[in-house]
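Have a look at query.txt; it's compact mmCIF, C-alpha atoms:
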```
# COMPACT_ATOMS: atom_id res chain seq x y z
CA GLY A 279 -12.68 12.63 21.83
CA PHE A 280 -15.45 13.06 19.32
CA PHE A 281 -18.93 13.57 20.71
CA PHE A 282 -20.29 11.01 18.29
CA ARG A 283 -17.88 8.32 19.44
CA THR A 284 -18.37 8.83 23.16
CA PHE A 285 -22.09 9.51 23.22
CA TYR A 286 -23.37 6.99 20.69
CA LEU A 287 -21.30 4.11 21.97
CA LYS A 288 -22.98 4.67 25.33
CA GLN A 289 -26.46 5.02 23.90
CA HIS A 290 -26.30 2.58 20.97
CA PRO A 291 -23.74 -0.18 21.52
CA LEU A 292 -24.74 -2.03 18.33
CA SER A 293 -24.06 0.95 16.14
CA ALA A 294 -20.29 0.61 16.63
CA PRO A 295 -18.22 3.01 14.52
CA SER A 296 -21.08 3.54 12.09
CA CYS A 297 -23.00 5.50 14.69
CA PHE A 298 -20.91 8.62 14.45
CA HIS A 299 -22.17 10.32 11.44
CA LEU A 300 -19.27 12.16 9.94
CA LEU A 301 -20.49 14.03 7.08
CA GLY A 302 -17.72 15.02 4.88
CA ILE A 303 -17.05 17.90 2.74
CA SER A 304 -13.70 19.25 2.00
CA TYR A 305 -12.06 22.24 0.61
CA LEU A 306 -12.47 23.72 -2.73
CA PHE A 307 -10.82 22.47 -5.84
CA ASN A 308 -11.03 24.25 -9.16
CA TYR A 309 -12.16 21.74 -11.73
CA HIS A 310 -10.65 22.57 -15.12
CA SER A 311 -13.85 22.73 -17.18
CA THR A 312 -16.29 24.00 -14.57
CA LYS A 313 -16.68 27.48 -13.24
CA ARG A 314 -17.93 27.10 -9.71
CA SER A 315 -17.48 29.42 -6.76
CA PHE A 316 -16.26 27.95 -3.48
CA TYR A 317 -14.91 29.06 -0.15
CA ASN A 318 -11.16 28.60 -0.20
CA MET A 319 -8.76 28.14 2.69
CA LYS A 320 -5.15 27.27 1.96
CA SER A 321 -4.91 25.16 5.10
CA GLU A 322 -7.69 22.92 3.74
CA ASN A 323 -6.08 22.24 0.36
CA THR A 324 -4.21 19.14 1.50
CA VAL A 325 -4.70 15.78 -0.17
CA ILE A 326 -3.15 12.68 1.41
CA VAL A 327 -2.89 9.62 -0.83
CA ARG A 328 -2.03 6.16 0.50
CA GLU A 329 -1.78 2.78 -1.17
CA LEU A 330 -4.03 0.17 0.45
CA TYR A 331 -3.32 -3.51 0.81
CA VAL A 332 -5.61 -5.52 -1.47
CA PRO A 333 -6.00 -9.09 -0.18
CA PRO A 334 -6.78 -11.88 -2.68
CA LEU A 335 -10.55 -12.19 -3.04
CA ASN A 336 -10.55 -15.88 -2.08
CA GLN A 337 -8.70 -15.01 1.13
CA LEU A 338 -11.07 -12.14 1.88
CA ALA A 339 -14.06 -14.41 1.29
CA GLU A 340 -12.77 -16.89 3.85
CA VAL A 341 -12.01 -14.12 6.37
CA LEU A 342 -15.51 -12.69 6.06
CA ARG A 343 -17.20 -16.10 6.08
CA ASN A 344 -15.55 -17.03 9.37
CA ALA A 345 -16.33 -13.70 11.05
CA LEU A 346 -19.91 -13.40 9.83
CA SER A 347 -20.69 -16.96 10.96
CA LYS A 348 -20.09 -15.85 14.54
CA ASN A 349 -22.62 -13.04 14.18
CA PHE A 350 -25.31 -14.50 11.88
CA LYS A 351 -26.98 -17.90 11.84
CA HIS A 352 -27.01 -18.27 8.04
CA VAL A 353 -24.01 -17.04 6.01
CA ILE A 354 -22.98 -17.39 2.36
CA VAL A 355 -19.90 -15.56 1.03
CA SER A 356 -18.90 -16.18 -2.57
CA ILE A 357 -16.91 -14.62 -5.41
CA VAL A 358 -19.06 -13.75 -8.42
CA ASP A 359 -18.95 -11.55 -11.48
CA CYS A 360 -20.68 -8.37 -10.44
CA PRO A 361 -24.28 -8.20 -11.66
CA ASN A 362 -25.66 -5.07 -13.27
CA LEU A 363 -25.96 -2.78 -10.26
CA LYS A 364 -27.88 -0.22 -12.29
CA GLU A 365 -30.87 -2.52 -11.97
CA SER A 366 -33.30 -2.60 -9.05
CA PRO A 367 -32.99 -2.99 -6.10
CA TYR A 368 -29.44 -1.56 -6.24
CA SER A 369 -30.19 1.32 -8.60
CA LEU A 370 -26.60 2.61 -8.81
CA ALA A 371 -25.32 5.13 -11.34
CA SER A 372 -22.83 2.64 -12.83
CA PRO A 373 -23.23 -1.07 -13.58
CA GLY A 374 -20.26 -2.33 -11.56
CA LEU A 375 -17.64 -1.70 -8.88
CA GLY A 376 -14.62 -2.73 -10.97
CA GLY A 377 -11.44 -1.08 -12.17
CA LYS A 378 -9.30 1.26 -10.14
CA SER A 379 -10.93 2.13 -6.82
CA ALA A 380 -10.48 4.12 -3.63
CA VAL A 381 -11.88 4.92 -0.22
CA ILE A 382 -12.14 8.70 0.06
CA ASP A 383 -12.58 10.59 3.35
CA ILE A 384 -13.49 14.26 3.00
CA GLY A 385 -13.85 16.91 5.71
CA GLY A 386 -14.91 15.56 9.06
CA VAL A 387 -17.20 15.70 12.06
CA LEU A 388 -15.53 18.86 13.43
CA ASN A 389 -17.28 20.70 10.61
CA MET A 390 -20.54 19.70 12.31
CA GLU A 391 -19.56 20.01 15.98
CA PHE A 392 -18.65 23.73 15.91
CA LEU A 393 -21.13 26.39 14.82
CA GLU A 394 -18.25 28.41 13.36
CA ASN A 395 -17.52 25.56 10.93
CA ASN A 396 -21.15 24.94 9.91
CA ASN A 397 -21.87 25.46 6.20
CA LYS A 398 -18.34 26.76 5.72
CA TYR A 399 -16.60 24.05 3.68
CA HIS A 400 -18.13 23.09 0.35
CA PHE A 401 -17.03 20.48 -2.19
CA ASP A 402 -17.95 19.03 -5.55
CA LEU A 403 -17.75 15.50 -6.96
CA HIS A 404 -16.18 16.89 -10.13
CA ASN A 405 -13.28 18.16 -8.03
CA ILE A 406 -13.00 14.85 -6.19
CA SER A 407 -12.95 13.10 -9.56
CA SER A 408 -10.14 15.33 -10.80
CA LYS A 409 -8.06 14.52 -7.70
CA THR A 410 -8.66 10.77 -7.76
CA SER A 411 -9.05 10.10 -11.51
CA LEU A 412 -12.22 8.17 -10.71
CA PRO A 413 -15.68 8.89 -12.16
CA PHE A 414 -18.16 6.85 -10.10
CA PHE A 415 -18.96 7.51 -6.44
CA ILE A 416 -21.27 6.04 -3.82
CA GLY A 417 -21.28 6.58 -0.07
CA ALA A 418 -22.48 8.76 2.78
CA GLY A 419 -22.21 12.49 3.38
CA ALA A 420 -23.94 15.81 3.99
CA THR A 421 -25.77 18.06 1.56
CA LYS A 422 -24.90 21.63 0.67
CA PRO A 423 -27.74 23.64 2.23
CA SER A 424 -28.14 26.09 -0.64
CA VAL A 425 -28.97 23.28 -3.10
CA SER A 426 -30.83 21.02 -0.65
CA VAL A 427 -34.59 20.68 -0.87
CA SER A 428 -34.69 21.50 2.85
CA LYS A 429 -32.31 24.49 2.41
CA ASP A 430 -30.52 23.16 5.47
CA ASN A 431 -27.99 20.56 6.49
CA SER A 432 -29.30 17.06 5.70
CA GLU A 433 -28.21 13.49 4.96
CA TRP A 434 -26.69 12.88 1.53
CA MET A 435 -26.66 9.58 -0.33
CA PRO A 436 -24.15 10.19 -3.17
CA ASN A 437 -24.67 7.92 -6.18
CA ALA A 438 -23.27 9.49 -9.33
CA ASN A 439 -20.98 9.01 -12.33
CA VAL A 440 -19.52 12.39 -13.29
CA SER A 441 -18.12 11.12 -16.60
CA THR A 442 -21.50 9.94 -17.91
CA GLY A 443 -23.47 12.69 -16.18
CA VAL A 444 -25.74 10.18 -14.43
CA SER A 445 -26.74 11.31 -10.94
CA LEU A 446 -29.10 9.19 -8.85
CA SER A 447 -28.08 10.78 -5.55
CA LYS A 448 -30.69 11.42 -2.89
CA GLU A 449 -31.04 13.36 0.32
CA SER A 450 -33.08 12.78 3.46
CA TYR A 451 -34.25 15.51 5.79
CA VAL A 452 -36.64 16.13 8.66
CA ASP A 453 -39.94 17.81 7.83
CA LYS A 454 -39.92 20.74 10.23
CA LYS A 455 -43.71 20.76 10.54
CA THR A 456 -44.39 17.06 11.08
CA GLY A 457 -41.02 15.72 12.27
CA ASN A 458 -41.27 12.98 9.66
CA CYS A 459 -38.33 11.66 7.65
CA CYS A 460 -38.49 12.71 4.00
CA GLN A 461 -36.45 11.67 0.96
CA ALA A 462 -35.84 13.65 -2.23
CA ASP A 463 -33.72 13.49 -5.38
CA TYR A 464 -30.45 15.42 -5.12
CA PRO A 465 -29.14 16.03 -8.65
CA SER A 466 -26.35 18.41 -7.61
CA SER A 467 -22.72 17.27 -7.38
CA GLU A 468 -22.02 19.80 -4.60
CA PHE A 469 -21.91 18.83 -0.94
CA SER A 470 -20.68 20.15 2.39
CA SER A 471 -18.93 19.46 5.71
CA LEU A 472 -18.01 15.80 5.35
CA CYS A 473 -18.36 12.74 3.18
CA ASN A 474 -17.11 9.16 2.89
CA LEU A 475 -16.97 7.73 -0.62
CA PHE A 476 -16.14 4.54 -2.42
CA GLY A 477 -14.93 5.65 -5.83
CA SER A 478 -14.27 3.40 -8.81
CA GLU A 479 -14.26 3.24 -12.59
CA GLY A 480 -17.63 1.49 -12.38
CA ILE A 481 -16.55 -1.34 -14.69
CA PRO A 482 -19.13 -4.17 -14.87
CA ASN A 483 -18.71 -7.95 -14.74
CA THR A 484 -15.58 -7.91 -12.57
CA PRO A 485 -15.13 -10.32 -9.63
CA VAL A 486 -16.65 -9.07 -6.37
CA LEU A 487 -17.64 -10.49 -2.98
CA LYS A 488 -21.28 -11.50 -2.73
CA ILE A 489 -22.44 -11.67 0.88
CA GLU A 490 -25.75 -13.10 2.11
CA VAL A 491 -26.68 -13.38 5.79
CA LYS A 492 -29.79 -14.03 7.87
CA HIS A 493 -30.76 -14.06 11.57
CA ARG A 494 -28.29 -12.08 13.65
CA ILE A 495 -27.03 -13.97 16.70
CA GLY A 496 -24.21 -11.60 17.68
CA LYS A 497 -24.08 -7.96 18.74
CA MET A 498 -22.48 -6.33 15.68
CA ASN A 499 -24.39 -4.79 12.82
CA PHE A 500 -23.76 -6.10 9.30
CA PRO A 501 -21.10 -3.63 8.02
CA SER A 502 -19.43 -3.47 11.45
CA CYS A 503 -19.00 -7.24 11.41
CA ILE A 504 -17.40 -7.06 7.96
CA ARG A 505 -15.04 -4.30 9.10
CA HIS A 506 -14.19 -6.12 12.33
CA ALA A 507 -13.16 -9.15 10.25
CA ILE A 508 -10.55 -7.16 8.30
CA VAL A 509 -9.42 -5.44 11.51
CA GLU A 510 -8.56 -8.80 13.06
CA SER A 511 -7.07 -10.37 9.93
CA TYR A 512 -4.97 -7.41 8.73
CA PRO A 513 -3.91 -5.49 11.86
CA LYS A 514 -0.65 -4.18 10.35
CA GLN A 515 -2.04 -3.32 6.95
CA GLN A 516 -4.66 -0.87 5.77
CA VAL A 517 -7.58 -2.45 3.90
CA GLY A 518 -10.61 -0.67 2.48
CA LEU A 519 -13.90 -2.00 1.14
CA GLY A 520 -16.90 -0.39 -0.51
CA GLY A 521 -20.15 -1.58 -1.94
CA VAL A 522 -23.90 -1.79 -1.77
CA PHE A 523 -26.13 -4.06 0.28
CA ILE A 524 -29.86 -4.55 0.64
CA ALA A 525 -31.39 -4.82 4.09
CA THR A 526 -34.27 -6.89 2.78
CA GLU A 527 -36.16 -7.98 5.89
CA GLY A 528 -36.50 -6.54 9.37
CA LYS A 529 -36.55 -3.14 11.05
CA PHE A 530 -33.59 -0.79 11.39
CA LYS A 531 -32.40 2.00 13.68
CA THR A 532 -31.57 5.07 11.59
CA HIS A 533 -31.06 8.79 11.99
CA VAL A 534 -31.42 12.02 10.03
CA MET A 535 -29.79 15.35 10.82
CA PRO A 536 -32.48 18.01 11.38
CA GLY A 537 -30.25 20.82 10.17
CA PHE A 538 -27.05 21.81 11.97
CA PRO A 539 -26.65 21.43 15.75
CA PRO A 540 -28.23 24.25 17.79
CA CYS A 541 -24.91 25.01 19.50
CA ASP A 542 -21.32 23.77 19.72
CA VAL A 543 -21.59 20.06 20.55
CA TYR A 544 -17.89 19.16 20.59
CA GLY A 545 -17.08 17.31 23.80
CA THR A 546 -20.72 17.30 24.97
CA ASN A 547 -23.48 14.70 25.06
CA ILE A 548 -26.13 16.90 23.47
CA ASP A 549 -28.42 14.67 21.41
CA TRP A 550 -29.41 16.70 18.36
CA LEU A 551 -30.10 13.99 15.78
CA LYS A 552 -33.56 12.70 14.89
CA PHE A 553 -33.90 8.90 15.17
CA TYR A 554 -36.29 6.60 13.33
CA GLU A 555 -37.06 2.91 13.12
CA ILE A 556 -37.45 2.04 9.43
CA GLU A 557 -38.75 -1.17 7.86
CA GLY A 558 -36.86 -2.87 5.04
CA PRO A 559 -36.04 -3.05 2.28
CA LEU A 560 -33.24 -0.45 2.42
CA THR A 561 -30.60 0.06 -0.27
CA CYS A 562 -27.41 0.81 1.68
CA MET A 563 -24.17 2.28 0.33
CA SER A 564 -21.27 1.31 2.56
CA VAL A 565 -17.67 2.54 2.97
CA LEU A 566 -15.26 0.67 5.28
CA LEU A 567 -11.62 1.04 6.38
CA ASN A 568 -10.07 -1.39 8.84
CA ASN A 569 -7.83 1.06 10.68
CA ASP A 570 -6.25 4.51 10.78
CA LEU A 571 -2.63 3.35 10.73
CA PHE A 572 -1.22 6.77 9.80
CA ASN A 573 -3.32 8.95 12.11
CA ASP A 574 -5.23 10.64 9.29
CA GLU A 575 -8.31 11.02 11.52
CA ALA A 576 -10.03 8.71 9.09
CA ARG A 577 -13.60 7.62 9.57
CA LEU A 578 -13.64 3.84 9.55
CA GLU A 579 -17.26 3.07 8.78
CA HIS A 580 -20.12 4.99 7.22
CA THR A 581 -23.35 3.71 5.67
CA HIS A 582 -26.29 5.63 4.25
CA PHE A 583 -29.44 4.23 2.70
CA PHE A 584 -32.29 5.16 0.41
CA THR A 585 -35.62 3.49 -0.30
CA THR A 586 -38.38 3.44 -2.89
CA ARG A 587 -40.53 5.07 -0.21
CA ASN A 588 -40.22 8.51 1.36
CA ASP A 589 -37.40 7.71 3.81
CA GLY A 590 -33.62 7.52 3.83
CA GLY A 591 -30.67 8.47 6.01
CA HIS A 592 -27.91 7.01 8.15
CA TYR A 593 -28.00 3.27 8.93
CA HIS A 594 -27.14 2.20 12.48
CA TYR A 595 -28.24 -1.42 12.99
CA ASP A 596 -31.18 -3.79 12.80
CA THR A 597 -33.64 -4.03 15.68
CA THR A 598 -35.19 -7.38 14.70
CA PRO A 599 -32.28 -9.85 14.84
CA GLU A 600 -34.30 -13.04 14.30
CA THR A 601 -35.92 -11.86 11.07
CA VAL A 602 -33.21 -9.64 9.58
CA GLN A 603 -31.73 -10.46 6.17
CA TYR A 604 -28.94 -8.77 4.22
CA HIS A 605 -27.35 -9.39 0.86
CA GLY A 606 -24.93 -7.29 -1.14
CA TYR A 607 -21.70 -6.83 -3.06
CA TYR A 608 -18.37 -5.45 -1.88
CA ALA A 609 -15.07 -4.77 -3.65
CA PRO A 610 -11.67 -3.90 -2.15
CA ALA A 611 -10.21 -0.42 -2.64
CA HIS A 612 -6.73 0.19 -4.07
CA LYS A 613 -6.09 3.62 -2.57
CA PHE A 614 -7.10 5.84 0.33
CA TYR A 615 -7.54 9.61 -0.06
CA ARG A 616 -7.84 12.00 2.88
CA ILE A 617 -9.08 15.34 1.62
CA GLY A 618 -9.64 18.56 3.57
CA LYS A 619 -9.32 17.11 7.04
CA ALA A 620 -11.60 19.05 9.37
CA LYS A 621 -10.05 21.24 12.05
CA LYS A 622 -11.22 23.14 15.09
CA PRO A 623 -12.17 26.75 14.33
CA GLN A 624 -9.30 29.23 14.07
CA SER A 625 -10.89 31.36 16.78
CA LEU A 626 -10.38 28.54 19.29
CA ASN A 627 -6.73 28.22 18.34
CA LYS A 628 -6.24 31.98 18.84
CA ALA A 629 -8.05 31.88 22.18
CA SER A 630 -5.70 29.18 23.46
CA LEU A 631 -2.56 31.16 22.70
```

Encoded form (structure tokens):
Amino acid sequence: GFFFRTFYLKQHPLSAPSCFHLLGISYLFNYHSTKRSFYNMKSENTVIVRELYVPPLNQLAEVLRNALSKNFKHVIVSIVDCPNLKESPYSLASPGLGGKSAVIDIGGVLNMEFLENNNKYHFDLHNISSKTSLPFFIGAGATKPSVSVSKDNSEWMPNANVSTGVSLSKESYVDKKTGNCCQADYPSSEFSSLCNLFGSEGIPNTPVLKIEVKHRIGKMNFPSCIRHAIVESYPKQQVGLGGVFIATEGKFKTHVMPGFPPCDVYGTNIDWLKFYEIEGPLTCMSVLLNNDLFNDEARLEHTHFFTTRNDGGHYHYDTTPETVQYHGYYAPAHKFYRIGKAKKPQSLNKASL
């Protein structure tokens, strides 16, 4: 099993699937109008496309309302026309979540767990756009070291529209001198290793789910509770959601990757991540999938956040249940793309022959 799944579930039971930080990058695609140089491996040039089940919004609202009420004391779930998400505190690169949409899983954690795979697989949002026919992307991934402020592996908060050229993406990294969490703008469309994206046409004023909760009384974090609801209600269908939420009040367990692991960590319990407790508000970009029905090694939950301060990274869960507050907007995805699924290094395969 994955180190992240086994180790973090033992150490951080509230973090659920979101605790394993799969940073995704894929394989190289040649975008028709760009001249970029990438590593290229034929075995990585596979794109799986699946149609997702899209429940009626009124049904989804009821499903989420019932599940969230078991985990939070105050819950409001409604269907609204999406507000302008370009405005603060959301600060997205497009005004809405509407139009065609997809959950996109690129690369995988094996690109982090083996030194031989580190910094080996690089991708670009322009290439992802050409494969999905979608322009607007938000989510959680890993930076490309050569274009990162830290010049190393770090947390990536993709937030860009490649058709309009608007990039509001950010990265978070560990200051190697102080150990502090730092946040910086990340204007590049290139990334590495792994990524989970919610892609859409970014159309404004379309119906979305508005979710508001306060005072956690259960054990699940906010996005995990949402995902668990669609797991229970649609066990034989594949359902994806993506969106943005604000963790307005409370404190939150987070992590940042301080570069790549110091050694192979696959199958071990080596703790190489740097953890922080961060105060709200956090702007969180969230990608959810209820199950991996077709054994695509899909990551089911991934949430990264940025702030107006000097911190960002991977969201795990709140640490102040009585005071925590969340509100945000989610939309269902129409398709699922699995791109450049990560594999164990070829040297290991040869050694086992």

Please determine an axis-aligned box that encloses all atoms of region 392-408 of chain A listed in the file, with 4 Å added on each side, and express its centre and edge lengths in Å to one decimal as JSON.
```
{"center_x": -16.0, "center_y": 20.8, "center_z": 2.6, "size_x": 19.7, "size_y": 23.3, "size_z": 34.7}
```

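The closest residue to Lys398 (chain A), picked from A:Asn349, A:Asn569, A:Ser470, A:Ser411 and counting only C-alpha atoms, is A:Ser470.
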
### Query
Which one of A:Asp570, A:Tyr554, A:Asn588, A:Lys514 sits closest to Tyr331 (chain A) if you count only C-alpha atoms?
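The answer is A:Lys514, which sits nearest to Tyr331 (chain A).
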
Quick one: contact table of region 408-461 of chain A to region 362-380 of chain A, 7 Å max, nearest atom pair and distance in Å to one decimal per residue, counting all atoms listed in the file, chain and number order, as JSON lines?
```
{"residue": "A:Phe414", "atom": "CA", "partner": "A:Ser372", "partner_atom": "CA", "distance": 6.9}
{"residue": "A:Asn437", "atom": "CA", "partner": "A:Ala371", "partner_atom": "CA", "distance": 5.9}
{"residue": "A:Ala438", "atom": "CA", "partner": "A:Ala371", "partner_atom": "CA", "distance": 5.2}
{"residue": "A:Asn439", "atom": "CA", "partner": "A:Ala371", "partner_atom": "CA", "distance": 5.9}
{"residue": "A:Val444", "atom": "CA", "partner": "A:Ala371", "partner_atom": "CA", "distance": 5.9}
{"residue": "A:Ser445", "atom": "CA", "partner": "A:Ala371", "partner_atom": "CA", "distance": 6.4}
{"residue": "A:Leu446", "atom": "CA", "partner": "A:Ala371", "partner_atom": "CA", "distance": 6.1}
```

### Task
Within 6 Å of Val602 (chain A), counting all atoms listed in the file, which residues show up once you throw out same-chain ones fewer than 5 positions away? Write them as a list of chain:residue names, please.
A:Lys492, A:His493, A:Glu527, A:Gly528

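Comparing the minimum interatomic distances between Arg505 (chain A) and each of A:Asn336, A:Ser564, A:Asn405, A:Ser356, counting only C-alpha atoms, we find that A:Ser564 sits nearest.
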
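Comparing A:Ile504, A:His582, A:Pro559, A:Ile382 by their smallest distance to Ser432 (chain A), the closest is A:His582 (using all atoms listed in the file).
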
### Task
Identify, on the basis of all atoms listed in the file, every residue whose closest approach to Tyr607 (chain A) does not exceed 7 Å; exclude the query and any residue fewer than 3 positions from it along the same chain; express the result as a PyMOL selection string.
chain A and resi 486-489+521-523

Since we have the selection now, will you write its residues out, keeping C-alpha atoms, as a PDB file, in the frame of the given file?
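Final file, again-v6.pdb:
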```pdb
ATOM      1  CA  VAL A 486     -16.650  -9.070  -6.370  1.00  0.00           C
ATOM      2  CA  LEU A 487     -17.640 -10.490  -2.980  1.00  0.00           C
ATOM      3  CA  LYS A 488     -21.280 -11.500  -2.730  1.00  0.00           C
ATOM      4  CA  ILE A 489     -22.440 -11.670   0.880  1.00  0.00           C
ATOM      5  CA  GLY A 521     -20.150  -1.580  -1.940  1.00  0.00           C
ATOM      6  CA  VAL A 522     -23.900  -1.790  -1.770  1.00  0.00           C
ATOM      7  CA  PHE A 523     -26.130  -4.060   0.280  1.00  0.00           C
TER       8      PHE A 523
END
```
